[in-house]
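Report on one structure; see the data block that follows.
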2 protein chains.
Amino acid sequence: MDRNIYIDNVPLDKALDLFMERLDRCDYFEPETEVVDVLNSQGRVTGAPVFAQKSSPHYAASAMDGIAVKASLTYGASETNPVSLLKGRDFIEVDTGDYIPREFNAVIMIEDVNFIDDYAQIIKPAVPWQHIRSVGEDLVAQEMIVPSYYKIGPHEIASFLTAAVETVEVLKKPIVAIIPTGTELVDRGHENMAPGEIVDSNSRMLEGLCRDWGALPVRYEIVADDRAALRETIEKAKGDADMVIICSGSSAGREDYTASAIREFGEVLVHGLATRPGKPAILGIIDDKPVIGVPGYPVSAHLIFDLFVRPVLLKKQRLDLPEPEKLECKIPRKIASPMGVDEYIYVNVAKIKNSYIAYPLNRGAGISTSLVKADGVTCIQKDNEGLQAGDTCIVSLKRSRSIIDQTLVAIGSHDMSIDFLCDILNRNYGIRLISANAGSMGGIMSLVRKETHFSGIHLLDYDTGDYNLSYLKKYLADEKWILVNLVKREQGLILKKGNPLNITGIKDLTRKDIRFINRQKGAGTRLLLDYLLTKNHITPAEINGYNREEYTHLSVAAAVKNDACDVGLGIYASAKVMELDFIPVSEERYDLCILVDVMSERNINILFSCINSQEFKNKLTASGGYNLEMCGEIIFKNQL
Amino acid sequence: MDRNIYIDNVPLDKALDLFMERLDRCDYFEPETEVVDVLNSQGRVTGAPVFAQKSSPHYAASAMDGIAVKASLTYGASETNPVSLLKGRDFIEVDTGDYIPREFNAVIMIEDVNFIDDYAQIIKPAVPWQHIRSVGEDLVAQEMIVPSYYKIGPHEIASFLTAAVETVEVLKKPIVAIIPTGTELVDRGHENMAPGEIVDSNSRMLEGLCRDWGALPVRYEIVADDRAALRETIEKAKGDADMVIICSGSSAGREDYTASAIREFGEVLVHGLATRPGKPAILGIIDDKPVIGVPGYPVSAHLIFDLFVRPVLLKKQRLDLPEPEKLECKIPRKIASPMGVDEYIYVNVAKIKNSYIAYPLNRGAGISTSLVKADGVTCIQKDNEGLQAGDTCIVSLKRSRSIIDQTLVAIGSHDMSIDFLCDILNRNYGIRLISANAGSMGGIMSLVRKETHFSGIHLLDYDTGDYNLSYLKKYLADEKWILVNLVKREQGLILKKGNPLNITGIKDLTRKDIRFINRQKGAGTRLLLDYLLTKNHITPAEINGYNREEYTHLSVAAAVKNDACDVGLGIYASAKVMELDFIPVSEERYDLCILVDVMSERNINILFSCINSQEFKNKLTASGGYNLEMCGEIIFKNQL
């Protein structure tokens, strides 16, 4: 087996310097230009100055609707002594833009003329050249309209056309060959994918990023893990493109293929970066062109693209690397980060009262949704061991501030109703809802620390059989809050379709042939399980999988569906969407606790409108397993 | 004749409210959606939430390269008591992403395994489920990936593909019909355009703006001034498009055509706005669709598009109207503005020392280059009579701050060498040079007021016959400056090709059959003319056209070329590019005066590098009429 353990651990700044300097040295950034029709030049960058080919106007033109006159004939005109001019001899009628023949030298506005038969009567003398646009007033032939390395937009196109410019010399768009490699890759996902098959989504993301950065991506067919095939593809790509990207899969074995293939044709400058994610990147040069091995995990692939591909592509096109907006944010929770590594943390950002909070997203490099969710990224430098709760960090934003400022946060227990609220809030009010799954207890803690606007909770009080209120009164006694019911819902055992193991209830969870999957500590569902186990005199140790944790109802259902386990506890709706069997064990109340002090009155009203809307109720009804009899009912207001 | 004098004068805010409210009322903004392949969804906006179709990973997957084991077999392993596992029975080798069969429940990293023949030796127990990605770790089937009205980018496409989403429901792109009207319009400019012919550049600019705003523009063929033809085109367009734009020419007669055509099919809400430019705009509704009559002058057309079309198109696509960056700037010169009209002033912006200055561009609505040059726009509200010199104003930027911060300003006399410097500065140093023609005396005044980094000047001292120095010592005695020669150049009479009027020198300017064109007051060339006239005992009144002014050498040459006059005084280079005859009358020194205190040392060095570059000299030599013997020579340093 061909294994490779990173020998290099190159700091990011050094790697970027090395790479750019090497490309500079081989004149990679020397401009190449092509000539395009002006009509096809939008968004392109000029490779040479553009000069006007013709003046505009190219003739003396009327600037008004009116009459063209000889100014000298109007001298002395006044209200008491109007001057009459004869049509054809002393004046002609002109519209704006009309040619002013050589014999006339002024225009009088239509509003100032009194027409009587063939005569025009005027009561004010004209100043020579008034209301006449001189030749070249806008553009003079041979004048430079824009210099080299100037990005062409709609206004420039209009000026070029006005100046009779037909074609412009522009910088060529860099062609980027993107080669997905890996025997496990499939082009598109589908219902019946085999275990081990992975959708090649990275090359598509990279294609899209190239387009965003003005380049022309060319995605190659997936190359299987075969040295000869990879070599052959690189050979073709290096001839066709200005840059070659090899999506080299995420395994060390795969990268080694890539590194050795690059070495065969050229040189590897860097293999292994002191960054997280992105460590397994390869920076190489073949025939004076950059060749980059991009790791297989999507977050790593994105980071390497952002750090290395983007500056090269923009520089080649003489486009500025835009400075992202920076925002100082508070970190709610300690983040440890290894010394010696620049760690990039993707975060959600929201404003709670007056301060911005950066919520770190799942740090797994395999989580493609972190890229979707991320509002920005913060970097923990290599000489730093991490951040403490309450520390500030600088976030480079990738989403506009206006979206961030219009964001509500819901940390707590997850229910699909939160997704429906998210859609309705965005659709009808332009308010973004970001939600994080921290379980019901996690939600209460977030409320205590004022890191969330509201929380979904479903905490059973063992003693009273009631939900939520006793917990809130205990932990949030000193805050203003409103507890409102969202749904009542069925909790139960989620089972494979047809119940092949013939599970009948909680008691069967102790069977040795049954693999259970649990929810994380602090989840209301886990508390419910513990309550049910106690009632049934079962200890956790008796259950195979009690310590195996999932974070949402849907992931529990997915684990059952995909045979990662046989049974889990969760809500009916998630069993239903996954087409699984369900044995109800309890109906529970899922409420929202809204923190009044951190939410504007307007947003509280909007939230209630959504909760009480028919649209919301229709979606819940269609989803199934929800009892809406209390939906929108205010259970308690803690008003102090 | 069919004339129309504006009867309406609707304030902008009222017009916009009226228009949007009317469109809202007819449900114009109700979303229409279509289904597209995920691969074609970049930049589109979701019309419905997108749910994962399959979990990712859809199987238990190795998160590392290593071996898959049964955790229980590893318990008790230590350095002193290693555990040996048999390949195939106790473990299998796995790469990152590989499927973990049901019988294994942990992965040990390759770095922690010692392979001996068919055995793997390990020295640390494995925790159950370590290094295994559970089903749905990234995405769980049926999970909402993004809500409705969410703009899709490369990351979203990657997540959609990962979740086996094949198609997405997106909002339709609004189709905008753009109808250019006017018998005088031609499609493209060319060498032999007749007087009165105008290139239809507006419809192309509007096309480009529509594309920038996510819409699909459909440009119609030019419609001549014919009521029936216009009616017919509108009838077709209102069926095909979601919005109809009539580029209605700039004359009041033309608009009236447009207004009455709109009235025939629907209603005119507004005809005539209390704005400058943009006054002649028409806002109408046909079949519950917006129909906008856009004035013919390019700056008016742009403003109306920006104020009315953009918000409608973005709202229809549920895209945010981005808030432009605002910058507080100082106004160098008084700007008068009529009461009752919102006046939009397009400006250049540059930083001189520590303050931003907004330089108003030519306010003529016909100046297409103002749109190219503009860094932003400021509005003088209708209840305001204008701004005084030194007042601050808020500029909405349309160019990035980084470009503005990298800007040098050259106000003064114009020479084509300034254009060459502009190109070289941008090309080699990414520094933008904006120049404004204010004549040599204007340049000195700008230096005195510290509104420019440097100025081109060529002022003859009548007494000494020397150039520039005596003026600078008089006006800029208390400032640090450097006077450097750029070129020496020939001034002379610019004449029609072949000299048909047989002009021989300055004395002929008094001939009655000769039409002269002068430069503006304060221009060095005008001072030279006055000097030459005095020497020849000629008074200005004897010259036909002494009071007719142009602002650059090129415009003087263009006026001669296009028979707007017969002769002007100017430099050889401009006669040459226009292929005109030239009678030299004097060689003069064109110098740059650099204000040391307002320019960074780095930028001064860069400027000198450009002046002394071979590239600069080559361009001047190719242009002709320049004497470079003193180019780059420092004539004086006023160091106090």
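A note on labels: chains of the structure tokens are A, B, ... as shown, every chain counts residues from 1, and ligands are counted from 1 in their shown order.
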Subject >> Exercise: Gly47 (chain A) partners within 10 Å, only C-alpha atoms, chain neighbours under 4 positions left out, as a ChimeraX atom specification >> reply: /A:31-35,147-151,168-172,317-318 /B:427
Subject >> Residues flagged strand (DSSP E or B) by DSSP in region 363-480 of chain A, as a PyMOL selection string >> reply: chain A and resi 376-380+386-387+392-397+407-412+432-437+454-457+460+467
Put those residues in a file: C-alpha atoms, as a PDB file, in the first residue's frame.
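Writing the result to again-v9.pdb gives the following:
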ATOM      1  CA  GLY A 376     -17.840  34.645   7.773  1.00  0.00           C
ATOM      2  CA  VAL A 377     -14.596  33.171   8.970  1.00  0.00           C
ATOM      3  CA  THR A 378     -12.213  33.990  11.768  1.00  0.00           C
ATOM      4  CA  CYS A 379      -8.650  32.797  12.028  1.00  0.00           C
ATOM      5  CA  ILE A 380      -6.916  31.645  15.167  1.00  0.00           C
ATOM      6  CA  GLY A 386      -7.491  29.425  21.146  1.00  0.00           C
ATOM      7  CA  LEU A 387     -10.158  31.743  22.433  1.00  0.00           C
ATOM      8  CA  THR A 392     -13.583  39.068  20.857  1.00  0.00           C
ATOM      9  CA  CYS A 393     -12.460  37.940  17.445  1.00  0.00           C
ATOM     10  CA  ILE A 394     -12.374  39.599  14.043  1.00  0.00           C
ATOM     11  CA  VAL A 395     -14.687  37.949  11.536  1.00  0.00           C
ATOM     12  CA  SER A 396     -14.167  38.455   7.795  1.00  0.00           C
ATOM     13  CA  LEU A 397     -17.719  38.563   6.515  1.00  0.00           C
ATOM     14  CA  THR A 407     -31.049  37.708  11.879  1.00  0.00           C
ATOM     15  CA  LEU A 408     -32.841  35.921  14.681  1.00  0.00           C
ATOM     16  CA  VAL A 409     -31.151  33.135  16.616  1.00  0.00           C
ATOM     17  CA  ALA A 410     -32.823  30.006  17.956  1.00  0.00           C
ATOM     18  CA  ILE A 411     -30.500  27.809  19.977  1.00  0.00           C
ATOM     19  CA  GLY A 412     -32.153  24.923  21.718  1.00  0.00           C
ATOM     20  CA  ARG A 432     -33.168  35.184   8.576  1.00  0.00           C
ATOM     21  CA  LEU A 433     -33.468  32.595  11.323  1.00  0.00           C
ATOM     22  CA  ILE A 434     -30.364  30.643  12.246  1.00  0.00           C
ATOM     23  CA  SER A 435     -30.891  27.725  14.521  1.00  0.00           C
ATOM     24  CA  ALA A 436     -28.464  25.501  16.333  1.00  0.00           C
ATOM     25  CA  ASN A 437     -29.165  22.251  18.005  1.00  0.00           C
ATOM     26  CA  PHE A 454     -35.499  32.339  21.678  1.00  0.00           C
ATOM     27  CA  SER A 455     -35.214  28.609  22.312  1.00  0.00           C
ATOM     28  CA  GLY A 456     -37.264  25.555  21.503  1.00  0.00           C
ATOM     29  CA  ILE A 457     -37.571  23.377  24.597  1.00  0.00           C
ATOM     30  CA  LEU A 460     -40.448  17.024  31.179  1.00  0.00           C
ATOM     31  CA  TYR A 467     -43.224  20.693  30.636  1.00  0.00           C
TER      32      TYR A 467
END
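Taken over all Cα atoms in order, the superposition of chain B onto chain A returns an RMSD of 0.2 Å.
Counting only C-alpha atoms and comparing B:Ile482, B:Ala224, B:Val372, B:Val127, the residue that lies closest to Thr183 (chain B) is B:Ala224.
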Original post:
If you count only C-alpha atoms, which residues fall within 6 Å of region 628-633 of chain B, apart from same-chain ones fewer than 2 positions away, as a PyMOL selection string?
Top reply: chain B and resi 484-487+611-612
